Amino acid sequence: MAVTKKSLVRNISKKLELSQKDSSFFLESFLSFVKLNSENGINIQSFGTFIIKKTPKRIGRDPKSKKEYVIKAREKLVFEPSSRIKQEIN
């Protein structure tokens, strides 16, 4: 199931009885906060943690031509759910 910003805004708007403009501002503010502060990791109690993980450079292969190339090292923003969320899902 793909979730779009638009569907999140609609859902926030309904649940909190806010206008869609206010809900959009709320969502954008949260996403900006995560982007700006993710270097140190962001732990949301009973929900999970947003952290940056570094992937090393590695060798990739084109499946058609079998040609090898180098995939550069990069940083990824990763979400690790808390044990409470994992229990609720399972």
# chains A, B, ... in the order shown; residues from 1 in each chain; ligands from 1
>>> residues_around(residues="stretch 73-76 of chain A", least_positions_apart="2", cutoff="6 Å", atoms="only C-alpha atoms", output="ChimeraX atom specification")
/A:52-57
>>> residues_around(residues="stretch 35-48 of chain A", least_positions_apart="6", cutoff="9 Å", atoms="only C-alpha atoms", output="list in words")
Leu77, Phe79, Glu80, Pro81, Ser82, Ser83, Arg84 and Ile85 of chain A
>>> write_last_selection(atoms="N, CA and C atoms", output="mmCIF file, in the first residue's frame")
data_model
loop_
_atom_site.group_PDB
_atom_site.id
_atom_site.type_symbol
_atom_site.label_atom_id
_atom_site.label_comp_id
_atom_site.auth_asym_id
_atom_site.auth_seq_id
_atom_site.Cartn_x
_atom_site.Cartn_y
_atom_site.Cartn_z
ATOM 1 N N LEU A 77 18.436 7.426 5.236
ATOM 2 C CA LEU A 77 17.617 7.662 6.415
ATOM 3 C C LEU A 77 16.764 6.421 6.618
ATOM 4 N N PHE A 79 14.201 4.050 9.261
ATOM 5 C CA PHE A 79 13.306 4.030 10.417
ATOM 6 C C PHE A 79 13.342 2.643 11.042
ATOM 7 N N GLU A 80 13.621 2.605 12.345
ATOM 8 C CA GLU A 80 13.598 1.347 13.089
ATOM 9 C C GLU A 80 12.443 1.414 14.089
ATOM 10 N N PRO A 81 11.407 0.612 13.901
ATOM 11 C CA PRO A 81 10.254 0.668 14.807
ATOM 12 C C PRO A 81 10.607 0.165 16.200
ATOM 13 N N SER A 82 9.891 0.678 17.202
ATOM 14 C CA SER A 82 10.114 0.236 18.579
ATOM 15 C C SER A 82 9.521 -1.158 18.769
ATOM 16 N N SER A 83 9.909 -1.794 19.867
ATOM 17 C CA SER A 83 9.389 -3.138 20.144
ATOM 18 C C SER A 83 7.876 -3.101 20.351
ATOM 19 N N ARG A 84 7.365 -2.003 20.889
ATOM 20 C CA ARG A 84 5.914 -1.871 21.104
ATOM 21 C C ARG A 84 5.167 -1.873 19.772
ATOM 22 N N ILE A 85 5.662 -1.139 18.800
ATOM 23 C CA ILE A 85 5.037 -1.104 17.467
ATOM 24 C C ILE A 85 5.128 -2.467 16.814
#
>>> atom_distance(atom1="atom CA of A:Arg61", atom2="atom CA of A:Ala2")
28.7 Å
>>> atom_distance(atom1="atom CA of A:Ser32", atom2="atom CA of A:Leu16")
20.4 Å
>>> atom_distance(atom1="atom CA of A:Leu8", atom2="atom CA of A:Gln20")
10.0 Å
>>> residues_around(residues="A:Phe25", least_positions_apart="2", cutoff="12 Å", atoms="only C-alpha atoms", output="list in words")
Lys5, Lys6, Leu8, Val9, Ile12, Ser13, Leu18, Ser19, Gln20, Lys21, Asp22, Ser23, Leu27, Glu28, Ser29, Phe30, Leu31 and Ser32 of chain A
>>> select_by_dssp(residues="chain A", states="helix (DSSP H, G or I)", output="number ranges by chain")
A: 5-16, 20-37, 83-89
